[in-house]
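Structure file work21.txt with compact mmCIF, C-alpha atoms and all ligand atoms:
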# COMPACT_ATOMS: atom_id res chain seq x y z
CA MET A 1001 0.06 22.66 15.80
CA THR A 1002 -3.66 22.19 16.03
CA ASN A 1003 -3.28 18.49 16.85
CA SER A 1004 -1.92 18.10 20.36
CA ALA A 1005 -3.50 14.75 21.21
CA PRO A 1006 -1.24 11.75 20.54
CA VAL A 1007 -2.12 10.30 17.17
CA SER A 1008 -0.38 7.02 17.82
CA THR A 1009 -1.02 4.76 20.79
CA ARG A 1010 2.32 3.04 20.35
CA ARG A 1011 5.09 5.66 20.22
CA ASP A 1012 4.95 9.36 20.87
CA LEU A 1013 4.50 10.44 17.29
CA ALA A 1014 1.98 13.19 17.97
CA ASP A 1015 3.70 15.59 15.54
CA ALA A 1016 4.65 13.09 12.84
CA PRO A 1017 3.43 14.78 9.62
CA LEU A 1018 2.13 11.52 8.11
CA LEU A 1019 -0.11 10.78 11.07
CA VAL A 1020 -1.27 14.38 11.49
CA ALA A 1021 -2.20 14.64 7.79
CA ALA A 1022 -3.94 11.25 7.83
CA ARG A 1023 -6.20 12.58 10.60
CA GLY A 1024 -7.03 15.77 8.74
CA GLY A 1025 -4.85 17.98 10.96
CA GLN A 1026 -2.24 20.61 10.02
CA PRO A 1027 1.18 18.95 9.63
CA ARG A 1028 4.38 21.07 9.80
CA HIS A 1029 4.97 20.08 6.17
CA THR A 1030 3.18 17.88 3.65
CA PRO A 1031 4.35 14.33 4.40
CA VAL A 1032 5.89 12.33 1.57
CA TRP A 1033 6.78 8.68 1.07
CA PHE A 1034 6.90 6.44 -2.00
CA MET A 1035 5.22 3.14 -2.67
CA ARG A 1036 8.04 0.64 -3.40
CA GLN A 1037 10.58 3.05 -1.91
CA ALA A 1038 12.45 0.00 -0.59
CA GLY A 1039 13.53 -1.96 -3.60
CA ARG A 1040 15.44 -2.20 -6.80
CA SER A 1041 15.93 1.51 -7.45
CA LEU A 1042 18.47 1.48 -4.58
CA PRO A 1043 21.97 0.01 -5.06
CA GLU A 1044 22.16 -0.64 -1.31
CA TYR A 1045 18.96 -2.73 -1.65
CA ARG A 1046 20.42 -4.81 -4.47
CA ARG A 1047 23.54 -5.42 -2.38
CA ALA A 1048 21.56 -6.39 0.74
CA ARG A 1049 19.29 -8.76 -1.21
CA GLU A 1050 22.09 -10.49 -3.16
CA GLY A 1051 21.73 -14.27 -2.90
CA THR A 1052 18.52 -14.23 -0.83
CA PRO A 1053 15.22 -15.11 -2.54
CA MET A 1054 12.50 -12.46 -2.08
CA LEU A 1055 10.16 -14.42 0.21
CA GLN A 1056 13.02 -15.70 2.34
CA ALA A 1057 14.24 -12.11 2.69
CA CYS A 1058 10.78 -11.10 3.94
CA LEU A 1059 11.08 -13.70 6.74
CA THR A 1060 14.58 -12.60 7.87
CA PRO A 1061 14.03 -9.88 10.50
CA ASP A 1062 17.50 -8.22 10.30
CA LEU A 1063 17.26 -7.98 6.53
CA VAL A 1064 13.68 -6.67 6.61
CA SER A 1065 14.75 -4.03 9.10
CA GLU A 1066 17.80 -2.96 7.08
CA ILE A 1067 15.91 -2.74 3.77
CA THR A 1068 12.98 -0.89 5.36
CA LEU A 1069 15.38 1.70 6.83
CA GLN A 1070 17.37 2.31 3.62
CA PRO A 1071 14.97 4.78 1.95
CA VAL A 1072 14.40 6.60 5.26
CA ARG A 1073 18.14 7.21 5.61
CA ARG A 1074 18.68 8.08 1.97
CA HIS A 1075 15.62 10.18 1.10
CA GLY A 1076 14.40 11.53 4.44
CA VAL A 1077 10.87 10.35 3.72
CA ASP A 1078 8.15 10.89 6.34
CA ALA A 1079 7.36 7.18 6.71
CA ALA A 1080 8.97 3.78 6.47
CA ILE A 1081 6.97 1.00 4.83
CA LEU A 1082 7.64 -2.50 6.05
CA PHE A 1083 9.65 -4.51 3.54
CA SER A 1084 7.40 -7.47 2.74
CA ASP A 1085 5.00 -8.53 0.01
CA ILE A 1086 1.25 -8.93 -0.37
CA VAL A 1087 1.63 -12.68 -1.08
CA LEU A 1088 3.86 -13.31 1.97
CA PRO A 1089 0.99 -14.37 4.31
CA LEU A 1090 -0.24 -16.87 1.69
CA TYR A 1091 3.26 -18.31 1.35
CA ALA A 1092 3.72 -18.43 5.11
CA ALA A 1093 0.36 -20.23 5.46
CA GLY A 1094 1.59 -22.93 3.08
CA VAL A 1095 0.26 -21.93 -0.36
CA GLY A 1096 2.66 -23.08 -3.09
CA LEU A 1097 3.91 -19.85 -4.66
CA ASP A 1098 7.06 -17.97 -5.50
CA ILE A 1099 7.98 -14.44 -6.55
CA VAL A 1100 9.73 -14.54 -9.91
CA ALA A 1101 11.96 -11.52 -10.63
CA GLY A 1102 10.60 -9.43 -13.48
CA THR A 1103 7.24 -11.27 -13.40
CA GLY A 1104 5.79 -11.20 -9.88
CA PRO A 1105 3.99 -13.82 -7.80
CA VAL A 1106 3.46 -17.21 -9.47
CA VAL A 1107 1.13 -19.80 -7.88
CA SER A 1108 1.84 -23.50 -8.52
CA GLU A 1109 -1.75 -24.78 -8.21
CA PRO A 1110 -4.22 -22.04 -9.11
CA ILE A 1111 -7.67 -22.06 -7.54
CA GLU A 1112 -10.39 -23.40 -9.85
CA GLY A 1113 -13.41 -24.36 -7.76
CA PRO A 1114 -14.99 -24.93 -4.35
CA ALA A 1115 -12.70 -27.84 -3.40
CA ASP A 1116 -9.62 -25.64 -3.90
CA VAL A 1117 -11.19 -22.91 -1.78
CA SER A 1118 -11.92 -25.38 1.04
CA ALA A 1119 -8.33 -26.63 0.87
CA LEU A 1120 -6.84 -23.11 1.00
CA PRO A 1121 -5.01 -22.74 4.32
CA SER A 1122 -5.61 -19.73 6.58
CA LEU A 1123 -2.76 -17.87 8.22
CA GLU A 1124 -1.88 -18.44 11.85
CA ALA A 1125 -0.03 -15.67 13.65
CA GLY A 1126 2.96 -17.89 14.51
CA GLN A 1127 3.65 -18.45 10.81
CA VAL A 1128 4.64 -14.79 10.40
CA GLU A 1129 6.47 -14.37 13.71
CA PRO A 1130 9.62 -13.16 11.84
CA VAL A 1131 7.51 -10.25 10.52
CA ALA A 1132 6.48 -9.34 14.09
CA GLU A 1133 10.14 -9.53 15.11
CA ALA A 1134 11.10 -7.22 12.21
CA VAL A 1135 8.43 -4.69 13.21
CA ARG A 1136 9.68 -4.67 16.81
CA LEU A 1137 13.25 -4.10 15.61
CA LEU A 1138 12.11 -1.27 13.35
CA VAL A 1139 10.00 0.47 15.96
CA SER A 1140 13.08 0.64 18.20
CA GLU A 1141 15.26 2.02 15.36
CA LEU A 1142 12.95 4.48 13.65
CA GLY A 1143 12.87 7.30 16.17
CA ASP A 1144 10.14 9.75 15.19
CA THR A 1145 9.47 8.26 11.73
CA PRO A 1146 6.23 6.28 11.58
CA LEU A 1147 6.20 2.71 10.27
CA ILE A 1148 3.47 1.73 7.78
CA GLY A 1149 2.41 -1.91 7.81
CA PHE A 1150 0.50 -3.35 4.88
CA ALA A 1151 -1.34 -6.25 3.32
CA GLY A 1152 -2.99 -7.16 0.04
CA ALA A 1153 -6.77 -6.81 -0.21
CA PRO A 1154 -8.81 -9.96 -0.92
CA PHE A 1155 -9.57 -9.15 -4.58
CA THR A 1156 -5.93 -8.58 -5.57
CA LEU A 1157 -4.81 -11.71 -3.68
CA ALA A 1158 -7.63 -13.72 -5.29
CA SER A 1159 -6.54 -12.53 -8.71
CA TYR A 1160 -3.04 -14.00 -8.19
CA LEU A 1161 -4.46 -17.26 -6.75
CA VAL A 1162 -7.05 -17.79 -9.49
CA GLU A 1163 -4.99 -16.61 -12.48
CA GLY A 1164 -1.86 -18.36 -11.21
CA GLY A 1165 0.19 -15.19 -11.71
CA PRO A 1166 -0.02 -11.60 -12.93
CA SER A 1167 -2.87 -11.02 -15.38
CA ARG A 1168 -3.84 -8.32 -17.82
CA ASN A 1169 -7.54 -9.17 -18.15
CA HIS A 1170 -8.30 -11.15 -14.97
CA GLU A 1171 -10.54 -13.41 -17.05
CA ARG A 1172 -10.39 -16.49 -14.80
CA THR A 1173 -11.01 -14.36 -11.72
CA LYS A 1174 -14.03 -12.64 -13.27
CA ALA A 1175 -15.33 -15.96 -14.61
CA LEU A 1176 -15.30 -17.47 -11.11
CA MET A 1177 -16.89 -14.33 -9.63
CA HIS A 1178 -19.79 -14.33 -12.09
CA SER A 1179 -20.33 -18.07 -12.61
CA ASP A 1180 -20.08 -19.21 -8.99
CA PRO A 1181 -20.66 -16.27 -6.63
CA GLN A 1182 -20.93 -18.59 -3.62
CA THR A 1183 -17.44 -19.99 -4.17
CA TRP A 1184 -16.15 -16.48 -4.92
CA HIS A 1185 -17.45 -15.09 -1.65
CA ALA A 1186 -16.10 -18.12 0.26
CA LEU A 1187 -12.67 -17.45 -1.27
CA LEU A 1188 -12.72 -13.73 -0.45
CA GLU A 1189 -13.89 -14.47 3.08
CA LYS A 1190 -10.93 -16.77 3.65
CA LEU A 1191 -8.52 -14.26 2.15
CA ALA A 1192 -9.97 -11.49 4.32
CA ASP A 1193 -9.33 -13.69 7.39
CA THR A 1194 -5.70 -14.15 6.36
CA THR A 1195 -5.22 -10.46 5.58
CA LEU A 1196 -6.73 -9.45 8.89
CA GLU A 1197 -4.53 -11.90 10.78
CA PHE A 1198 -1.43 -10.58 8.96
CA LEU A 1199 -2.39 -7.00 9.86
CA ARG A 1200 -3.18 -8.04 13.46
CA VAL A 1201 0.38 -9.36 13.82
CA GLN A 1202 1.84 -6.11 12.45
CA VAL A 1203 -0.41 -3.88 14.58
CA GLY A 1204 0.34 -5.98 17.66
CA ALA A 1205 4.08 -5.55 17.05
CA GLY A 1206 3.75 -1.77 16.74
CA VAL A 1207 3.15 -0.42 13.22
CA ASP A 1208 1.84 3.16 13.29
CA ALA A 1209 -0.44 3.04 10.22
CA ILE A 1210 -1.53 0.43 7.69
CA GLN A 1211 -2.10 0.44 3.94
CA LEU A 1212 -4.40 -2.08 2.27
CA PHE A 1213 -3.30 -2.58 -1.35
CA ASP A 1214 -6.09 -3.51 -3.76
CA SER A 1215 -3.77 -2.88 -6.67
CA TRP A 1216 -5.86 -4.51 -9.38
CA ALA A 1217 -9.38 -3.51 -8.23
CA GLY A 1218 -9.42 -0.92 -11.03
CA ALA A 1219 -10.09 -3.81 -13.42
CA LEU A 1220 -13.66 -4.02 -12.03
CA SER A 1221 -16.82 -2.08 -12.79
CA LEU A 1222 -18.28 -0.14 -9.88
CA ARG A 1223 -21.23 -2.55 -9.77
CA ASP A 1224 -19.00 -5.62 -9.53
CA TYR A 1225 -16.69 -3.93 -7.02
CA ARG A 1226 -19.64 -3.15 -4.75
CA GLU A 1227 -21.12 -6.63 -4.96
CA PHE A 1228 -18.06 -8.88 -5.03
CA VAL A 1229 -15.26 -6.99 -3.26
CA LEU A 1230 -16.35 -4.09 -1.05
CA PRO A 1231 -17.94 -6.14 1.80
CA HIS A 1232 -14.74 -8.14 2.26
CA SER A 1233 -12.44 -5.11 2.25
CA ARG A 1234 -14.82 -3.36 4.65
CA ARG A 1235 -14.58 -6.25 7.10
CA ILE A 1236 -10.79 -5.82 7.14
CA PHE A 1237 -10.97 -2.09 7.89
CA GLU A 1238 -13.54 -2.73 10.62
CA GLY A 1239 -11.32 -5.45 12.07
CA VAL A 1240 -8.25 -3.19 12.14
CA ALA A 1241 -10.27 -0.35 13.68
CA GLU A 1242 -11.12 -2.68 16.57
CA LEU A 1243 -7.42 -3.38 17.15
CA ALA A 1244 -5.96 0.12 17.35
CA ASP A 1245 -6.66 3.75 16.58
CA ILE A 1246 -4.14 4.04 13.74
CA PRO A 1247 -4.60 5.59 10.28
CA LYS A 1248 -5.75 3.23 7.55
CA ILE A 1249 -4.91 3.87 3.88
CA HIS A 1250 -6.55 2.16 0.87
CA PHE A 1251 -4.98 2.15 -2.59
CA GLY A 1252 -5.52 0.68 -6.03
CA VAL A 1253 -4.46 1.48 -9.61
CA GLY A 1254 -6.94 2.77 -12.20
CA THR A 1255 -9.64 3.20 -9.55
CA GLY A 1256 -11.02 6.55 -10.75
CA GLU A 1257 -14.55 5.11 -10.98
CA LEU A 1258 -14.24 3.30 -7.64
CA LEU A 1259 -12.87 6.05 -5.37
CA GLY A 1260 -16.13 6.72 -3.53
CA ALA A 1261 -16.80 3.01 -3.03
CA MET A 1262 -13.26 2.46 -1.79
CA ARG A 1263 -13.77 5.21 0.76
CA ASN A 1264 -16.95 3.44 1.85
CA ALA A 1265 -14.83 0.41 2.70
CA GLY A 1266 -13.67 2.41 5.73
CA PRO A 1267 -10.13 3.79 5.31
CA ASP A 1268 -9.07 7.21 6.67
CA VAL A 1269 -7.03 7.95 3.53
CA VAL A 1270 -7.65 7.00 -0.11
CA GLY A 1271 -4.68 6.59 -2.45
CA VAL A 1272 -5.15 7.99 -5.95
CA ASP A 1273 -3.14 7.10 -9.06
CA TRP A 1274 -1.98 9.72 -11.59
CA ARG A 1275 -5.02 9.38 -13.87
CA VAL A 1276 -7.31 11.46 -11.65
CA PRO A 1277 -6.19 14.92 -10.43
CA LEU A 1278 -6.37 15.12 -6.62
CA ASP A 1279 -8.97 17.93 -6.65
CA THR A 1280 -11.21 15.80 -8.89
CA ALA A 1281 -10.61 12.82 -6.60
CA VAL A 1282 -11.65 14.93 -3.60
CA ALA A 1283 -14.92 15.84 -5.33
CA ARG A 1284 -15.62 12.19 -6.13
CA LEU A 1285 -14.74 11.02 -2.63
CA GLY A 1286 -16.77 13.72 -0.95
CA ALA A 1287 -19.84 12.98 -3.04
CA ALA A 1288 -19.92 9.45 -1.66
CA GLU A 1289 -20.82 10.57 1.87
CA PRO A 1290 -22.82 13.78 2.10
CA GLY A 1291 -21.96 15.75 5.21
CA ALA A 1292 -18.85 13.68 5.97
CA ALA A 1293 -15.46 15.26 6.77
CA LYS A 1294 -13.38 16.35 3.77
CA PRO A 1295 -11.51 13.33 2.47
CA VAL A 1296 -7.77 12.83 2.99
CA VAL A 1297 -5.91 11.71 -0.13
CA GLN A 1298 -2.54 10.19 -0.96
CA GLY A 1299 -0.75 10.56 -4.28
CA ASN A 1300 -0.28 11.02 -7.14
CA LEU A 1301 2.86 11.76 -9.18
CA ASP A 1302 3.13 9.53 -12.25
CA PRO A 1303 6.21 7.34 -11.55
CA ALA A 1304 7.17 7.69 -15.23
CA VAL A 1305 7.45 11.50 -14.87
CA LEU A 1306 10.52 10.89 -12.67
CA PHE A 1307 12.32 10.13 -15.95
CA ALA A 1308 11.34 13.43 -17.62
CA GLY A 1309 14.04 15.72 -16.22
CA TRP A 1310 13.92 18.01 -13.17
CA ASP A 1311 11.94 20.88 -14.72
CA ALA A 1312 9.05 18.57 -15.56
CA VAL A 1313 9.22 16.86 -12.16
CA GLU A 1314 9.19 20.22 -10.36
CA ARG A 1315 6.22 21.46 -12.37
CA GLU A 1316 4.25 18.29 -11.65
CA VAL A 1317 5.07 18.34 -7.93
CA HIS A 1318 3.82 21.95 -7.67
CA ARG A 1319 0.64 21.10 -9.59
CA ILE A 1320 -0.08 18.10 -7.34
CA LEU A 1321 0.57 20.09 -4.14
CA ALA A 1322 -1.85 22.78 -5.36
CA GLU A 1323 -4.54 20.24 -6.25
CA GLY A 1324 -3.96 18.46 -2.92
CA ARG A 1325 -4.91 21.63 -1.04
CA GLU A 1326 -8.54 20.85 -1.93
CA ALA A 1327 -8.37 17.80 0.34
CA GLY A 1328 -8.89 17.55 4.09
CA GLY A 1329 -5.28 16.32 4.16
CA HIS A 1330 -2.65 15.35 1.61
CA ILE A 1331 0.07 12.71 1.83
CA PHE A 1332 2.38 13.12 -1.15
CA ASN A 1333 3.25 9.88 -2.94
CA LEU A 1334 3.57 8.46 -6.42
CA GLY A 1335 0.48 7.24 -8.27
CA HIS A 1336 1.99 3.72 -8.13
CA GLY A 1337 5.29 2.13 -7.12
CA VAL A 1338 8.81 3.40 -7.85
CA LEU A 1339 10.01 1.85 -11.12
CA PRO A 1340 13.22 -0.16 -10.73
CA THR A 1341 15.29 2.04 -13.11
CA THR A 1342 14.35 5.30 -11.36
CA ASP A 1343 17.30 7.54 -10.41
CA PRO A 1344 17.16 7.59 -6.59
CA GLU A 1345 18.62 11.14 -6.59
CA VAL A 1346 15.40 12.39 -8.16
CA LEU A 1347 13.37 10.82 -5.36
CA THR A 1348 15.51 12.58 -2.75
CA ARG A 1349 14.99 15.91 -4.55
CA VAL A 1350 11.22 15.36 -4.65
CA VAL A 1351 11.19 14.86 -0.87
CA GLU A 1352 13.18 18.10 -0.38
CA LEU A 1353 10.92 20.00 -2.78
CA VAL A 1354 7.70 18.87 -1.09
CA HIS A 1355 9.12 19.77 2.33
CA THR A 1356 10.50 23.19 1.41
CA THR A 1357 7.44 24.18 -0.61
CA THR A 1358 4.97 23.25 2.11
CA SER A 1359 6.84 24.37 5.23
CA GLN A 1360 7.12 27.96 3.96
CA ARG A 1361 3.36 28.41 4.06
O1 LIG B 1 6.71 -0.30 -0.88
C1 LIG B 1 7.73 -0.82 -0.37
O2 LIG B 1 8.87 -0.33 -0.50
C2 LIG B 1 7.55 -2.04 0.51
C3 LIG B 1 7.71 -3.26 -0.15
C4 LIG B 1 6.65 -3.87 -1.05
C5 LIG B 1 6.98 -4.93 -1.93
N1 LIG B 1 5.83 -5.40 -2.47
C6 LIG B 1 8.35 -5.42 -2.14
C7 LIG B 1 8.65 -6.14 -3.39
C8 LIG B 1 5.27 -3.68 -1.15
C9 LIG B 1 4.40 -2.64 -0.46
C10 LIG B 1 4.77 -4.67 -2.05
C11 LIG B 1 3.34 -4.84 -2.36
C12 LIG B 1 2.96 -5.58 -3.56
N2 LIG B 1 3.47 -6.76 -4.04
C13 LIG B 1 1.88 -5.21 -4.37
C14 LIG B 1 1.00 -4.02 -4.14
C15 LIG B 1 1.66 -2.77 -4.59
C16 LIG B 1 1.65 -2.59 -6.08
O3 LIG B 1 2.73 -2.51 -6.66
O4 LIG B 1 0.54 -2.47 -6.63
C17 LIG B 1 1.78 -6.16 -5.40
C18 LIG B 1 0.78 -6.16 -6.54
C19 LIG B 1 2.78 -7.14 -5.18
C20 LIG B 1 3.06 -8.36 -5.98
C21 LIG B 1 4.45 -8.30 -6.50
N3 LIG B 1 5.57 -8.65 -5.77
C22 LIG B 1 4.90 -7.79 -7.75
C23 LIG B 1 4.00 -7.31 -8.87
C24 LIG B 1 6.30 -7.84 -7.74
C25 LIG B 1 7.27 -7.34 -8.80
C26 LIG B 1 7.81 -8.42 -9.68
C27 LIG B 1 9.01 -7.92 -10.44
O5 LIG B 1 10.11 -8.42 -10.16
O6 LIG B 1 8.85 -7.06 -11.31
C28 LIG B 1 6.70 -8.39 -6.51
C29 LIG B 1 8.07 -8.60 -6.04
C30 LIG B 1 8.57 -7.56 -5.12
N4 LIG B 1 7.90 -7.09 -4.03
C31 LIG B 1 9.83 -6.91 -5.19
C32 LIG B 1 9.90 -6.03 -4.11
C33 LIG B 1 11.04 -5.14 -3.73
C34 LIG B 1 10.90 -7.18 -6.23
C35 LIG B 1 11.69 -8.36 -5.75
C36 LIG B 1 13.12 -8.28 -6.16
O7 LIG B 1 13.83 -7.34 -5.73
O8 LIG B 1 13.54 -9.21 -6.88
Can the structure from this file be put into structure tokens for me?
Ligand code: CP3
Amino acid sequence: MTNSAPVSTRRDLADAPLLVAARGGQPRHTPVWFMRQAGRSLPEYRRAREGTPMLQACLTPDLVSEITLQPVRRHGVDAAILFSDIVLPLYAAGVGLDIVAGTGPVVSEPIEGPADVSALPSLEAGQVEPVAEAVRLLVSELGDTPLIGFAGAPFTLASYLVEGGPSRNHERTKALMHSDPQTWHALLEKLADTTLEFLRVQVGAGVDAIQLFDSWAGALSLRDYREFVLPHSRRIFEGVAELADIPKIHFGVGTGELLGAMRNAGPDVVGVDWRVPLDTAVARLGAAEPGAAKPVVQGNLDPAVLFAGWDAVEREVHRILAEGREAGGHIFNLGHGVLPTTDPEVLTRVVELVHTTTSQR
């Protein structure tokens, strides 16, 4: 081990591969976890969730703890990710919304103009106390497996609030951004406050790392991302950095053109989807900051490849591990979330393959 200093201030996780890799150290094996590892691909998840609406489940500490632990038990992944949702803090703050199965978050009164932005409530810590309780339960149960907390980034949250639900083209969101920049920035500022408060609660309760999901940022040009989104995401990373010295991960889909700018927002690790090979991503990320440390990346197996049979999966895992060696650190993951019809056995085999391949080095 080259990293002997504790990498977490909360539990003694000095050797935890996820945290060592996130800091650019030499982990005992390449860490692996999966976005959406807790969810519908697992029969035990479907059983646990039966009869409980999604957002209610997220506010029930025992259930959050159980669902968060399921993929750790089953797959032996190197991290747990808190079972929650990016829209939970909005719901908890009083925004009228629901998560509709098969669709996603649906907002009852979408934001149209400045009056709606002024009326948007901000989150108070007490409103997500069940999440803090769930984190405390998990930290006591997880042993030497780190817990990743998370939140949605302001742009992706704004997209749901302005469009009223999932959107292919984000036309209302982009119309507001370009026609009324003042209202746009006021909205993103409020959302950044809520996101930061939600992360503050999770960090205070003991999460070991955080991931900021800007899932739909890839819909933006680099110019628009820099002007309308980056300053708000940066404020969140700066805010978290003031709270604790824990690794911060930033991820979005289709962000090949934005990788350098996303790194400039201030994360320690940048998530990459399957469209950009990790070695190419490293070159793009490095170019953003001349002289900076080699970037640490997370990714990037195409979740659809998990349906292609083991030979194809194995080939792709080996390719990704080889490309990841160009980085200052590599956290193996999918390029986006686990699809609900994925065979969980394949996920378990991927974890074993990544571990055996990388611990023989
Ligand atoms: O990764 C994990 O295992 C932790 C849990 C997690 C969920 N949502 C649980 C969930 C995480 C990290 C999220 C984040 C999230 N939520 C994102 C960012 C990640 C991404 O996929 O880009 C986004 C965009 C959302 C919004 C959202 N919530 C969507 C698009 C959906 C899916 C709708 C559907 O049914 O197809 C949800 C619901 C949701 N969030 C489910 C889960 C397990 C499904 C709810 C169910 O089981 O009925």
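Based on all atoms listed in the file, the protein and nucleic acid residues found within 7 Å of ligand LIG 1 (chain B) are, by chain and then by number, Phe1034, Met1035, Arg1036, Gln1037, Ala1038, Gly1039, Arg1040, Met1054, Ile1081, Leu1082, Phe1083, Ser1084, Asp1085, Ile1086, Val1087, Ile1099, Val1100, Ala1101, Gly1102, Thr1103, Gly1104, Pro1105, Phe1150, Gly1152, Phe1213, Ser1215, Gly1252, His1336 and Gly1337 of chain A.
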| query | Using all atoms listed in the file, which residues sit within 9 Å of segment 1049-1053 of chain A once same-chain residues fewer than 4 positions away are excluded, as a PyMOL selection string? | reply | chain A and resi 1044-1045+1057-1058+1063+1067+1099
For segment 1069-1096 of chain A against segment 1134-1148 of chain A, with a cut-off of 9 Å and counting all atoms listed in the file, what is the closest atom pair and its distance in Å to one decimal for every residue that makes the cut, ordered by chain and number, as JSON lines?
{"residue": "A:Leu1069", "atom": "CA", "partner": "A:Leu1142", "partner_atom": "CA", "distance": 7.8}
{"residue": "A:Val1072", "atom": "CA", "partner": "A:Thr1145", "partner_atom": "CA", "distance": 8.3}
{"residue": "A:Val1077", "atom": "CA", "partner": "A:Thr1145", "partner_atom": "CA", "distance": 8.4}
{"residue": "A:Asp1078", "atom": "CA", "partner": "A:Thr1145", "partner_atom": "CA", "distance": 6.1}
{"residue": "A:Ala1079", "atom": "CA", "partner": "A:Pro1146", "partner_atom": "CA", "distance": 5.1}
{"residue": "A:Ala1080", "atom": "CA", "partner": "A:Leu1147", "partner_atom": "CA", "distance": 4.8}
{"residue": "A:Ile1081", "atom": "CA", "partner": "A:Ile1148", "partner_atom": "CA", "distance": 4.6}
{"residue": "A:Leu1082", "atom": "CA", "partner": "A:Ile1148", "partner_atom": "CA", "distance": 6.2}
| remark: One decimal place gives the atom CA of Phe1228 of chain A-atom CA of Lys1248 of chain A separation as 21.4 Å
Any chance you could tabulate, as a tab-separated table, the residues of segment 1226-1269 of chain A at most 8 Å from segment 1154-1170 of chain A with each one's nearest atom pair and distance in Å to one decimal, using all atoms listed in the file, in chain and rising number order?
residue	atom	partner	partner_atom	distance
A:Val1229	CA	A:Phe1155	CA	6.2
A:His1232	CA	A:Pro1154	CA	7.0
A:Ser1233	CA	A:Pro1154	CA	6.8
For His1250 of chain A, list every protein, DNA or RNA residue within 7 Å, evaluated using all atoms listed in the file, and leave out those in the same chain fewer than 3 positions away; present the list as a PDB file with C-alpha atoms, keeping the file's coordinate frame.
ATOM      1  CA  GLN A1211      -2.100   0.440   3.940  1.00  0.00           C
ATOM      2  CA  LEU A1212      -4.400  -2.080   2.270  1.00  0.00           C
ATOM      3  CA  PHE A1213      -3.300  -2.580  -1.350  1.00  0.00           C
ATOM      4  CA  PRO A1267     -10.130   3.790   5.310  1.00  0.00           C
ATOM      5  CA  VAL A1269      -7.030   7.950   3.530  1.00  0.00           C
ATOM      6  CA  VAL A1270      -7.650   7.000  -0.110  1.00  0.00           C
ATOM      7  CA  GLY A1271      -4.680   6.590  -2.450  1.00  0.00           C
TER       8      GLY A1271
END
| Sel. within 12 Å of pt (-4.6, 16.6, 0.0), counting only C-alpha atoms, output as a PyMOL selection string | chain A and resi 1018+1021-1027+1029-1032+1269-1272+1277-1283+1285+1294-1300+1319-1333+1358
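For the choices A:Pro1231, A:Gly1309, A:Gly1335, A:Pro1181, the atom-to-atom distance to Arg1349 of chain A is smallest for A:Gly1309 when using only C-alpha atoms.
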| request: Around the point (-7.9, 5.1, 15.6), in the coordinates given by the file, pick out the residues reaching within 10 Å, counting all atoms listed in the file, and return them as a ChimeraX atom specification. | output: /A:1007-1009,1023,1209,1240-1248,1268
| query | What lies within 9 Å of segment 1198-1202 of chain A using all atoms listed in the file, ignoring chain neighbours under 5 positions off, as a ChimeraX atom specification? | reply | /A:1089,1123-1126,1128-1129,1131-1132,1135,1149-1151,1193,1207,1210,1236,1239-1240,1243
Export of the given selection (C-alpha atoms) as a PDB file, in the coordinates of the input:
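The new file again11.pdb reads:
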ATOM      1  CA  PRO A1089       0.990 -14.370   4.310  1.00  0.00           C
ATOM      2  CA  LEU A1123      -2.760 -17.870   8.220  1.00  0.00           C
ATOM      3  CA  GLU A1124      -1.880 -18.440  11.850  1.00  0.00           C
ATOM      4  CA  ALA A1125      -0.030 -15.670  13.650  1.00  0.00           C
ATOM      5  CA  GLY A1126       2.960 -17.890  14.510  1.00  0.00           C
ATOM      6  CA  VAL A1128       4.640 -14.790  10.400  1.00  0.00           C
ATOM      7  CA  GLU A1129       6.470 -14.370  13.710  1.00  0.00           C
ATOM      8  CA  VAL A1131       7.510 -10.250  10.520  1.00  0.00           C
ATOM      9  CA  ALA A1132       6.480  -9.340  14.090  1.00  0.00           C
ATOM     10  CA  VAL A1135       8.430  -4.690  13.210  1.00  0.00           C
ATOM     11  CA  GLY A1149       2.410  -1.910   7.810  1.00  0.00           C
ATOM     12  CA  PHE A1150       0.500  -3.350   4.880  1.00  0.00           C
ATOM     13  CA  ALA A1151      -1.340  -6.250   3.320  1.00  0.00           C
ATOM     14  CA  ASP A1193      -9.330 -13.690   7.390  1.00  0.00           C
ATOM     15  CA  VAL A1207       3.150  -0.420  13.220  1.00  0.00           C
ATOM     16  CA  ILE A1210      -1.530   0.430   7.690  1.00  0.00           C
ATOM     17  CA  ILE A1236     -10.790  -5.820   7.140  1.00  0.00           C
ATOM     18  CA  GLY A1239     -11.320  -5.450  12.070  1.00  0.00           C
ATOM     19  CA  VAL A1240      -8.250  -3.190  12.140  1.00  0.00           C
ATOM     20  CA  LEU A1243      -7.420  -3.380  17.150  1.00  0.00           C
TER      21      LEU A1243
END
